[in-house]
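First comes the structure, then the notes that go with it.
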Number of protein chains: 2
Amino acid sequence: MAETDQAPPQSDQLAAMNLTDSVEKHAFSDRVLIRSIVGRPDGGAGLSGQKVRAGGWVKTGREQGKGTFAFLELNDGSCPANLQVIVDAGVAVLSKLVATGTCVVVDGILKVPPEGTRQKIELRVEKVVSVGEVDPAKYPIPKTKLTLEFLRDHLHLRSRTNTIAALARIRNALAFATHSFFQEHNFLYVHTPIITTSDCEGAGEMFQVTTLISESEKLERELIKSPPPSEAEIEAARQLVSERGEAVKQLKAAKASKSDITASVAELNKAKENLSKLEERSKLKPGIPKKDGKIDYTQDFFARQAFLTVSGQLQVETYACAVSNVYTFGPTFRAEQSHTSRHLAEFWMVEPEIAFADLQDDMKCAEAYVKYMCNWLLDKCLDDMEFMAKSYDKGCIDRLKMVASTPFVRITYTEAVELLEEAVKGGKKFENEVKWGIDLASEHERFLTEVKFQKPVIVYNYPKGIKAFYMRLNDDLKTVAAMDVLVPKVGELIGGSQREERYDVIRERISEMGLPLEPYEWYLDLRRFGTVKHCGFGLGFERMILFATGIDNIRDVIPFPRYPGRADL
Amino acid sequence: MAETDQAPPQSDQLAAMNLTDSVEKHAFSDRVLIRSIVGRPDGGAGLSGQKVRAGGWVKTGREQGKGTFAFLELNDGSCPANLQVIVDAGVAVLSKLVATGTCVVVDGILKVPPEGTRQKIELRVEKVVSVGEVDPAKYPIPKTKLTLEFLRDHLHLRSRTNTIAALARIRNALAFATHSFFQEHNFLYVHTPIITTSDCEGAGEMFQVTTLISESEKLERELIKSPPPSEAEIEAARQLVSERGEAVKQLKAAKASKSDITASVAELNKAKENLSKLEERSKLKPGIPKKDGKIDYTQDFFARQAFLTVSGQLQVETYACAVSNVYTFGPTFRAEQSHTSRHLAEFWMVEPEIAFADLQDDMKCAEAYVKYMCNWLLDKCLDDMEFMAKSYDKGCIDRLKMVASTPFVRITYTEAVELLEEAVKGGKKFENEVKWGIDLASEHERFLTEVKFQKPVIVYNYPKGIKAFYMRLNDDLKTVAAMDVLVPKVGELIGGSQREERYDVIRERISEMGLPLEPYEWYLDLRRFGTVKHCGFGLGFERMILFATGIDNIRDVIPFPRYPGRADL
């Protein structure tokens, strides 16, 4: 039974609910939320005697007392707990109500059940207002133990299960926690573009956005309906032009009347127009338009090649370098053929960017943000977290508490490598070799946070060779001011850096990495004009949910997962 | 001078600021926000004598007193007001500080300026910590009056202007107001997919998302590097297989030793393998893969055709029909060749969906939401709104107040048409004919809200012929339970409906509209199993900003506008 209130703190409704013993009606519906009954600290007992309308979906239903009444466990998604509902056979046809998944709206009176039952309150139905029936023989997700994998084939119904509904509430809570954290700290939410013509880190893994294919298919259909003119048709039209031209010439030579000449010229012009139309149509070719053997992107919607963004960072920097503190929170995309439990083709990222701030500030912000989210879940979603602990990951609540209360360890990359080398000497086996210069593998990261320190670890100052061009070069000229936040269960949760604000240095770094300068000229302008020390990071939102809940597969923590071969709905 | 506090109400920092006369340092930077000085009710006067570090960009700078000191108007984006900064020539080279766009970080002491000046406080600089210089001859947006149109060609720098910065703060405020409103009312934020294989309302205007083109270009490059085998090469390989086969046969016939036969068979297998590799490669064709004359989408990333979403409604309904109250707030896309000031190819939509609720509840929710946003801006962004009123639309603040306080008029479509017909009889001229059955044009909508009622108007119960299949059929069988919210300045701000929850009726409506059933089977499942009365609406987020600010062109109220021919950055 949920003892906590998972509503946002501003909720006037719930504040009111805690002060009085009456149930608030939902603001935009004629029913009450089930949470406003069973989510109370007293489990709803104080509401006994009140008349309410409730609606929800039957989780479990059974006829009892030889069919004289039915028990329904009703859930409306407002909290993990169900409302127990009792319907007498005189009130409705019980067999229509008891199937799992049935939607019912009922009027009734709240009563404290007989002692010895689990519930603190139950609803005695006086009237069944409406029923959305279910044929249990056909219902794709009947009340049997369904695997998360099976549910992925039924995306449109899986939110009716306890797990996916709990994950929806947790995801919602983390999203609002994100906005609340950054708003409290005076960051502006900036919507960076989804469609982009900039490539953040080198092409190859981007989805292309185009209308060329649909336009060419449209043209193809059009050409089938009315085929382009044959050479003979064009020749005939050409012939007509020349005949008409001859006619005009003759009339002029014969000094014919002005009106005759005008009429003849008009005929000529009509013939010319017809010819040019035919010639234009004869050029139409099915297929994607090409020029010099290459696809002609000037004919695409944006008059150039366009892609789905892989990160809003570069664009959000333009706002950081103008209004100081900003963040973006939106979908990002990778067209990678990754069939792992940790990768999606479409996922959400949170990317703050802070002006007048350096790598130390960046780490401070990242730590404060992660702690804030952990506390938020413990405050507002404890009932859902208890469900996750019971069903998936015993340690998930303790992990949240630990991360919320423990200062994050901070070590340099060089120190991290030394620690890993020590571990190897001590007999620890890694699949990937450890030496200075490597990119830390997931096994290394998890060893540091789960085994060595058993708490969150921030690793900073990475070798420049394995990091992006925009990260600030340290004075040693070997490392850059980058940092990764590692947490137990998922490893890397956040990656960030101080950005290179020195024009000459960043220009040099772009060239050094073999990237062309031209596409980055706008980005260089931020350093050319009124440059500012700044930093930022990115948090993979689904990773945060995996970390919080202990769920194993990233496809289960996003409502509509997209991965190679699948984009249902 | 800003007299209001535009921070979110939860801000501990600002609460603290209003109670004590000391300046809070920014949590993740060593400087203070300029708003925490000039945004105070006393304009900062109470902070006189305090030592602070401030950073920002110079809006205006000028050397004075024959070069003995300089005035800088410093802005860090935290509020529209600037901090006046005074630097003596002994402290820094003044000429490097005064150019518009220069970024400076300074330490100094706050002082009340001499009487008769506009400022309530100014900063006397003791040390210039850092300078990001600007060469005014090269700076693309120097301090002259720049048109919004000109700024659209400099997306990466335009947020440094007063107008675009104010719009960023207003947009941020409206986004957080949106989340706050729905969270307060117990709606869950659901991330609907950006990449979709469902088509909400009939194809034709969708962007395609694909890797087919980049894959085919990759193949093309690969084939140039190592061309496919010629017919002769294949023939030679075939020949080799047959020779090796013959050799094996002969050895067997000659009863050769086992090891000789095994060796020979191994040779044969090698030749066979080589042949099949060559044959495989010979099938590789440059260009997009086709099958039966059509593009073979089974080879695309998602193994089928995929698009950018035009609306999250259908998908978010799957959550409404499971957890009751949900909303989505994300980017949506239209590949329309619209070159107007009201259309974008990428724009943000807010789409709530409410279970156990009908059209009346829908209208109630829409009205409450719009009023909430108006009040939010008046509460938290009054300084920015005053800037908009001064610079763009005198009436914008009064409009917000009016909408926040006036009950919305509700009329049926039929009544609306009668009112328009009356107006026509009275001499009013419309470009589009008025008669029952038409879709109301923008001129009709604006007449109703701006002239006839001079307040927001909700028109509901539209003819079914002009509305989508999922809108609930009314008992008259002629109209559907749809509603549009019309407001002065922009006309239609919101469109919504009660959804058709009756399985037979919606099936019939899909067929009636000539749509195929198969793609909607998942959507029909929501009605087949545990169906529920529900409704929802969509608000175009940029339209809300246009309405609030009086800005004319939608390209100026989104940070990175996308429209035909343009997708900068």
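Convention: chains lettered A, B, ... in structure tokens order; per-chain residue numbering from 1; ligands numbered from 1 as shown.
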Legend entry - Phe176 in chain A surroundings by only C-alpha atoms, 12 Å radius, close-in-sequence under 2 positions cut, as number ranges by chain: A: 7-9, 169-174, 178-184, 329, 350, 372-373, 376-377, 380; B: 175-184, 186-190
May I have the residues from that selection written out with C-alpha atoms, as a JSON list (two decimals), in the first residue's frame?
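For reference, again-v6.json as written:
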[["chain", "number", "residue", "atom", "x", "y", "z"],
["A", 7, "ALA", "CA", 2.20, 14.29, -6.87],
["A", 8, "PRO", "CA", 4.34, 17.33, -7.57],
["A", 9, "PRO", "CA", 4.59, 19.51, -4.49],
["A", 169, "ARG", "CA", 5.31, 7.47, -13.68],
["A", 170, "ILE", "CA", 9.02, 7.28, -12.87],
["A", 171, "ARG", "CA", 9.96, 8.66, -16.28],
["A", 172, "ASN", "CA", 7.46, 11.48, -15.85],
["A", 173, "ALA", "CA", 8.84, 12.27, -12.39],
["A", 174, "LEU", "CA", 12.44, 12.37, -13.65],
["A", 178, "THR", "CA", 14.93, 17.79, -14.64],
["A", 179, "HIS", "CA", 12.94, 20.88, -15.55],
["A", 180, "SER", "CA", 12.50, 21.85, -11.91],
["A", 181, "PHE", "CA", 16.22, 21.54, -11.17],
["A", 182, "PHE", "CA", 17.33, 23.69, -14.07],
["A", 183, "GLN", "CA", 14.55, 26.24, -13.63],
["A", 184, "GLU", "CA", 15.40, 26.60, -9.95],
["A", 329, "PHE", "CA", 15.96, 18.26, -23.26],
["A", 350, "VAL", "CA", 19.45, 16.42, -21.24],
["A", 372, "TYR", "CA", 18.33, 16.11, -7.10],
["A", 373, "MET", "CA", 16.76, 13.44, -9.30],
["A", 376, "TRP", "CA", 12.92, 13.57, -6.19],
["A", 377, "LEU", "CA", 12.19, 9.89, -6.80],
["A", 380, "LYS", "CA", 7.56, 11.56, -4.93],
["B", 175, "ALA", "CA", 7.36, 25.68, -21.53],
["B", 176, "PHE", "CA", 7.76, 25.41, -17.78],
["B", 177, "ALA", "CA", 4.26, 26.78, -17.26],
["B", 178, "THR", "CA", 3.03, 23.96, -19.51],
["B", 179, "HIS", "CA", 4.77, 21.28, -17.48],
["B", 180, "SER", "CA", 3.70, 22.89, -14.20],
["B", 181, "PHE", "CA", 0.06, 23.07, -15.26],
["B", 182, "PHE", "CA", -0.19, 19.46, -16.32],
["B", 183, "GLN", "CA", 1.85, 18.14, -13.41],
["B", 184, "GLU", "CA", -0.33, 20.07, -10.95],
["B", 186, "ASN", "CA", -1.82, 14.92, -12.32],
["B", 187, "PHE", "CA", -1.04, 14.40, -15.98],
["B", 188, "LEU", "CA", 1.92, 12.21, -16.88],
["B", 189, "TYR", "CA", 4.39, 13.55, -19.46],
["B", 190, "VAL", "CA", 4.76, 10.85, -22.14]]
Inset, instruction - Would you mind listing what lies within 8 Å of range 242-252 of chain B as number ranges by chain, with only C-alpha atoms counted and same-chain residues fewer than 2 positions away left out? - result: B: 238-240, 254-256, 260-261, 264-265, 267-268, 271
Might you pull out every residue within 6 Å of range 32-37 of chain A, with only C-alpha atoms counted and same-chain residues fewer than 4 positions away left off, and present them as a PDB file with all heavy atoms, in the first residue's frame?
ATOM      1  N   LYS A  25     -12.684  15.942  -6.589  1.00  0.00           N
ATOM      2  CA  LYS A  25     -12.994  15.469  -7.931  1.00  0.00           C
ATOM      3  C   LYS A  25     -11.835  15.853  -8.847  1.00  0.00           C
ATOM      4  O   LYS A  25     -11.154  16.849  -8.616  1.00  0.00           O
ATOM      5  CB  LYS A  25     -14.274  16.157  -8.416  1.00  0.00           C
ATOM      6  CG  LYS A  25     -15.059  15.379  -9.450  1.00  0.00           C
ATOM      7  CD  LYS A  25     -16.369  16.070  -9.787  1.00  0.00           C
ATOM      8  CE  LYS A  25     -16.178  17.314 -10.628  1.00  0.00           C
ATOM      9  NZ  LYS A  25     -15.400  17.140 -11.870  1.00  0.00           N
ATOM     10  N   HIS A  26     -11.592  15.057  -9.882  1.00  0.00           N
ATOM     11  CA  HIS A  26     -10.607  15.452 -10.875  1.00  0.00           C
ATOM     12  C   HIS A  26     -11.069  16.732 -11.572  1.00  0.00           C
ATOM     13  O   HIS A  26     -12.248  16.914 -11.826  1.00  0.00           O
ATOM     14  CB  HIS A  26     -10.445  14.332 -11.911  1.00  0.00           C
ATOM     15  CG  HIS A  26      -9.314  14.575 -12.850  1.00  0.00           C
ATOM     16  ND1 HIS A  26      -9.461  15.259 -14.026  1.00  0.00           N
ATOM     17  CD2 HIS A  26      -8.003  14.253 -12.778  1.00  0.00           C
ATOM     18  CE1 HIS A  26      -8.298  15.324 -14.642  1.00  0.00           C
ATOM     19  NE2 HIS A  26      -7.396  14.721 -13.907  1.00  0.00           N
ATOM     20  N   GLY A  44      -6.807   5.745   2.898  1.00  0.00           N
ATOM     21  CA  GLY A  44      -8.175   6.030   2.470  1.00  0.00           C
ATOM     22  C   GLY A  44      -9.212   5.839   3.555  1.00  0.00           C
ATOM     23  O   GLY A  44     -10.377   6.220   3.384  1.00  0.00           O
ATOM     24  N   ALA A  54     -15.683   6.501  -9.437  1.00  0.00           N
ATOM     25  CA  ALA A  54     -14.319   6.077  -9.773  1.00  0.00           C
ATOM     26  C   ALA A  54     -14.320   5.398 -11.132  1.00  0.00           C
ATOM     27  O   ALA A  54     -15.328   4.822 -11.557  1.00  0.00           O
ATOM     28  CB  ALA A  54     -13.779   5.123  -8.710  1.00  0.00           C
ATOM     29  N   SER A  78      -3.063   6.330 -11.742  1.00  0.00           N
ATOM     30  CA  SER A  78      -2.613   7.465 -10.922  1.00  0.00           C
ATOM     31  C   SER A  78      -1.641   7.035  -9.828  1.00  0.00           C
ATOM     32  O   SER A  78      -0.947   7.867  -9.253  1.00  0.00           O
ATOM     33  CB  SER A  78      -3.817   8.203 -10.326  1.00  0.00           C
ATOM     34  OG  SER A  78      -4.565   7.344  -9.480  1.00  0.00           O
ATOM     35  N   CYS A  79      -1.598   5.759  -9.518  1.00  0.00           N
ATOM     36  CA  CYS A  79      -0.631   5.222  -8.555  1.00  0.00           C
ATOM     37  C   CYS A  79      -0.574   3.715  -8.734  1.00  0.00           C
ATOM     38  O   CYS A  79      -1.448   3.130  -9.379  1.00  0.00           O
ATOM     39  CB  CYS A  79      -1.029   5.595  -7.114  1.00  0.00           C
ATOM     40  SG  CYS A  79      -2.570   4.847  -6.555  1.00  0.00           S
TER      41      CYS A  79
END
Legend entry - Close residues, Gly536 in chain A itself excluded, 10 Å, only C-alpha atoms, min 5 positions apart in chain, as a ChimeraX atom specification: /A:313,316-317,320,325-327,351-355,357-359,361-363,365-366,482-483,495-499
Inset, instruction - Check the DSSP output for the backbone and give back, as number ranges by chain, the residues of range 260-430 of chain B in strand (DSSP E or B). - result: B: 290-291, 294-295, 306-308, 325-333, 346-355, 409-412
Store the residues picked out above, limited to C-alpha atoms, as a compact mmCIF listing (two decimals), in the first residue's frame.
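The resulting file, selection.txt, is reproduced below:
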# COMPACT_ATOMS: atom_id res chain seq x y z
CA LYS B 290 14.68 -2.16 -55.42
CA LYS B 291 12.41 -5.14 -55.55
CA LYS B 294 9.73 -0.57 -56.08
CA ILE B 295 12.11 0.64 -53.38
CA ALA B 306 9.56 5.54 -41.61
CA PHE B 307 8.60 9.19 -41.20
CA LEU B 308 8.83 12.12 -38.85
CA ASN B 325 -4.23 11.60 -17.87
CA VAL B 326 -1.24 12.19 -20.08
CA TYR B 327 0.32 14.85 -22.25
CA THR B 328 3.05 15.03 -24.79
CA PHE B 329 5.17 18.08 -25.54
CA GLY B 330 7.61 17.68 -28.35
CA PRO B 331 8.57 18.50 -31.90
CA THR B 332 6.29 17.68 -34.83
CA PHE B 333 6.91 18.02 -38.55
CA GLU B 346 9.50 21.71 -37.44
CA PHE B 347 7.43 23.06 -34.57
CA TRP B 348 6.50 22.11 -31.01
CA MET B 349 3.11 20.85 -29.94
CA VAL B 350 1.49 20.28 -26.58
CA GLU B 351 -1.04 17.44 -26.68
CA PRO B 352 -2.89 16.41 -23.53
CA GLU B 353 -5.19 13.40 -23.56
CA ILE B 354 -7.75 12.81 -20.80
CA ALA B 355 -9.53 9.54 -20.06
CA VAL B 409 -17.34 32.21 -25.18
CA ARG B 410 -18.63 28.81 -26.29
CA ILE B 411 -20.68 28.52 -29.47
CA THR B 412 -21.47 25.64 -31.76
Legend entry - Å distance separating CA of Ile141 in chain B from CA of Ile554 in chain B, one decimal place: 21.1 Å
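Nearest to chain A of all the residues B:Leu275, B:Ala81, B:Ala303, B:Leu517 is B:Ala303, counting only C-alpha atoms.
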Legend entry - Residue neighbourhood Glu418 in chain A, 12 Å, only C-alpha atoms, exclusion window fewer than 4 positions, as a list in words: Ile411, Thr412, Tyr413, Thr414, Glu422, Ala423, Val424, Lys425, Val434, Lys435, Trp436, Gly437, His444 and Leu448 of chain A
With all heavy atoms retained, export the selected residues as a compact mmCIF listing (two decimals), in the first residue's frame.
# COMPACT_ATOMS: atom_id res chain seq x y z
N ILE A 411 38.40 11.69 -9.64
CA ILE A 411 39.77 11.29 -9.94
C ILE A 411 40.09 11.64 -11.39
O ILE A 411 39.19 11.66 -12.24
CB ILE A 411 40.02 9.77 -9.75
CG1 ILE A 411 38.99 8.95 -10.55
CG2 ILE A 411 39.96 9.38 -8.28
CD1 ILE A 411 39.29 7.46 -10.57
N THR A 412 41.37 11.91 -11.64
CA THR A 412 41.74 12.17 -13.03
C THR A 412 41.76 10.86 -13.80
O THR A 412 41.84 9.77 -13.20
CB THR A 412 43.15 12.80 -13.14
OG1 THR A 412 44.10 11.85 -12.65
CG2 THR A 412 43.24 14.09 -12.33
N TYR A 413 41.71 10.99 -15.10
CA TYR A 413 41.82 9.82 -15.97
C TYR A 413 43.11 9.06 -15.66
O TYR A 413 43.12 7.83 -15.59
CB TYR A 413 41.80 10.28 -17.44
CG TYR A 413 42.19 9.21 -18.42
CD1 TYR A 413 41.24 8.34 -18.96
CD2 TYR A 413 43.51 9.07 -18.84
CE1 TYR A 413 41.60 7.35 -19.86
CE2 TYR A 413 43.88 8.09 -19.74
CZ TYR A 413 42.92 7.23 -20.25
OH TYR A 413 43.28 6.26 -21.14
N THR A 414 44.19 9.83 -15.48
CA THR A 414 45.49 9.19 -15.21
C THR A 414 45.43 8.37 -13.92
O THR A 414 45.91 7.23 -13.88
CB THR A 414 46.59 10.27 -15.13
OG1 THR A 414 46.58 11.00 -16.37
CG2 THR A 414 47.96 9.66 -14.90
N GLU A 422 46.66 -1.27 -11.20
CA GLU A 422 46.85 -1.91 -9.90
C GLU A 422 45.96 -3.14 -9.76
O GLU A 422 46.39 -4.21 -9.31
CB GLU A 422 46.46 -0.95 -8.77
CG GLU A 422 47.64 -0.37 -8.01
CD GLU A 422 47.17 0.73 -7.08
OE1 GLU A 422 46.17 0.51 -6.34
OE2 GLU A 422 47.76 1.82 -7.12
N ALA A 423 44.69 -2.97 -10.13
CA ALA A 423 43.73 -4.07 -10.02
C ALA A 423 44.17 -5.24 -10.88
O ALA A 423 44.08 -6.41 -10.46
CB ALA A 423 42.34 -3.59 -10.43
N VAL A 424 44.67 -4.94 -12.09
CA VAL A 424 45.15 -6.01 -12.98
C VAL A 424 46.30 -6.76 -12.32
O VAL A 424 46.34 -7.99 -12.32
CB VAL A 424 45.57 -5.43 -14.35
CG1 VAL A 424 46.30 -6.49 -15.18
CG2 VAL A 424 44.35 -4.92 -15.10
N LYS A 425 47.22 -5.97 -11.73
CA LYS A 425 48.34 -6.60 -11.01
C LYS A 425 47.82 -7.49 -9.89
O LYS A 425 48.37 -8.56 -9.61
CB LYS A 425 49.26 -5.53 -10.43
CG LYS A 425 50.37 -5.12 -11.39
CD LYS A 425 51.30 -4.09 -10.76
CE LYS A 425 51.84 -3.15 -11.82
NZ LYS A 425 52.13 -1.82 -11.25
N VAL A 434 44.30 -2.42 -20.35
CA VAL A 434 44.36 -1.14 -19.66
C VAL A 434 45.70 -0.50 -19.89
O VAL A 434 46.74 -1.08 -19.60
CB VAL A 434 44.16 -1.33 -18.13
CG1 VAL A 434 44.34 0.00 -17.41
CG2 VAL A 434 42.81 -1.95 -17.83
N LYS A 435 45.72 0.67 -20.48
CA LYS A 435 46.94 1.48 -20.52
C LYS A 435 46.55 2.92 -20.83
O LYS A 435 45.49 3.18 -21.40
CB LYS A 435 47.93 0.93 -21.56
CG LYS A 435 47.49 1.03 -22.98
CD LYS A 435 48.60 0.61 -23.94
CE LYS A 435 48.13 0.82 -25.38
NZ LYS A 435 48.91 0.11 -26.34
N TRP A 436 47.41 3.84 -20.44
CA TRP A 436 47.13 5.25 -20.64
C TRP A 436 46.87 5.54 -22.12
O TRP A 436 47.68 5.12 -22.97
CB TRP A 436 48.30 6.11 -20.14
CG TRP A 436 47.88 7.53 -19.83
CD1 TRP A 436 47.54 8.03 -18.62
CD2 TRP A 436 47.78 8.62 -20.76
NE1 TRP A 436 47.22 9.36 -18.72
CE2 TRP A 436 47.35 9.75 -20.03
CE3 TRP A 436 48.00 8.74 -22.13
CZ2 TRP A 436 47.14 11.00 -20.63
CZ3 TRP A 436 47.77 9.99 -22.74
CH2 TRP A 436 47.36 11.10 -21.98
N GLY A 437 45.77 6.18 -22.42
CA GLY A 437 45.48 6.50 -23.82
C GLY A 437 44.22 5.81 -24.32
O GLY A 437 43.59 6.26 -25.27
N HIS A 444 35.65 -1.29 -17.28
CA HIS A 444 36.54 -0.48 -16.44
C HIS A 444 35.73 0.50 -15.60
O HIS A 444 35.97 0.67 -14.40
CB HIS A 444 37.53 0.30 -17.31
CG HIS A 444 38.33 -0.56 -18.24
ND1 HIS A 444 38.59 -0.21 -19.55
CD2 HIS A 444 38.92 -1.77 -18.06
CE1 HIS A 444 39.32 -1.15 -20.13
NE2 HIS A 444 39.52 -2.12 -19.25
N LEU A 448 35.37 0.67 -11.43
CA LEU A 448 35.69 1.83 -10.59
C LEU A 448 34.53 2.20 -9.67
O LEU A 448 34.70 2.40 -8.48
CB LEU A 448 36.06 3.03 -11.48
CG LEU A 448 37.39 2.93 -12.25
CD1 LEU A 448 37.50 4.06 -13.27
CD2 LEU A 448 38.57 2.96 -11.27
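Counting only C-alpha atoms and comparing B:Cys381, B:Leu526, B:Met388, B:Cys103, the residue that lies closest to chain A is B:Cys103.
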Legend entry - Residues near Lys467 in chain B, cut-off 10 Å, only C-alpha atoms, skip fewer than 5 positions along chain, as JSON, numbers by chain: {"B": [439, 462, 479, 480, 481, 482, 497]}
Would you export the selected residues with N, CA and C atoms as a short mmCIF file (atom, residue, chain, number, x, y, z; two decimals), in the first residue's frame, please?
data_model
loop_
_atom_site.label_atom_id
_atom_site.label_comp_id
_atom_site.auth_asym_id
_atom_site.auth_seq_id
_atom_site.Cartn_x
_atom_site.Cartn_y
_atom_site.Cartn_z
N ASP B 439 -14.98 24.66 -43.87
CA ASP B 439 -14.01 24.77 -42.79
C ASP B 439 -13.82 26.27 -42.56
N TYR B 462 -18.34 20.45 -35.00
CA TYR B 462 -18.09 20.75 -36.42
C TYR B 462 -18.71 19.67 -37.33
N THR B 479 -22.55 16.00 -37.15
CA THR B 479 -21.42 16.72 -36.57
C THR B 479 -20.61 15.80 -35.67
N VAL B 480 -19.37 16.25 -35.40
CA VAL B 480 -18.52 15.51 -34.47
C VAL B 480 -18.15 16.41 -33.28
N ALA B 481 -17.78 15.75 -32.18
CA ALA B 481 -17.48 16.47 -30.94
C ALA B 481 -16.08 17.06 -30.99
N ALA B 482 -15.88 18.00 -31.92
CA ALA B 482 -14.60 18.68 -32.07
C ALA B 482 -14.73 20.09 -31.52
N SER B 497 -10.77 17.40 -29.60
CA SER B 497 -12.02 16.68 -29.78
C SER B 497 -12.18 15.61 -28.71
#
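Each of A:Glu149, A:Glu501, A:Glu367, A:Glu433 was checked against Leu539 in chain A using only C-alpha atoms; the smallest atom-to-atom distance is that of A:Glu367.
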Inset, instruction - Looking only at helix (DSSP H, G or I) from DSSP on the backbone, list the matching residues of range 94-313 of chain A as a ChimeraX atom specification. - result: /A:94-96,148-154,158-160,162-184,212-225,231-253,258-283,297-299,313
Inset, instruction - For Ile86 in chain A, work out the shell of residues within 12 Å, counting only C-alpha atoms and skipping chain neighbours fewer than 2 positions away, then give it as an NGL selection string. - result: :A and (58 or 61-65 or 68-74 or 83-84 or 88-92 or 94 or 97-98 or 106-111 or 113 or 121-128)
Inset, instruction - Point out the residue among A:Asp379, A:Asp300, A:Asp476, A:Glu500 with the least atom-to-atom distance to chain B, counting only C-alpha atoms. - result: A:Asp300
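Distances here use only C-alpha atoms; by that measure, the residue among A:Ser442, A:Ser226, A:Asn461, A:Thr100 closest to chain B is A:Thr100.
Interatomic distance, CA of Gly55 in chain A against CA of Ser324 in chain B: 9.1 Å.
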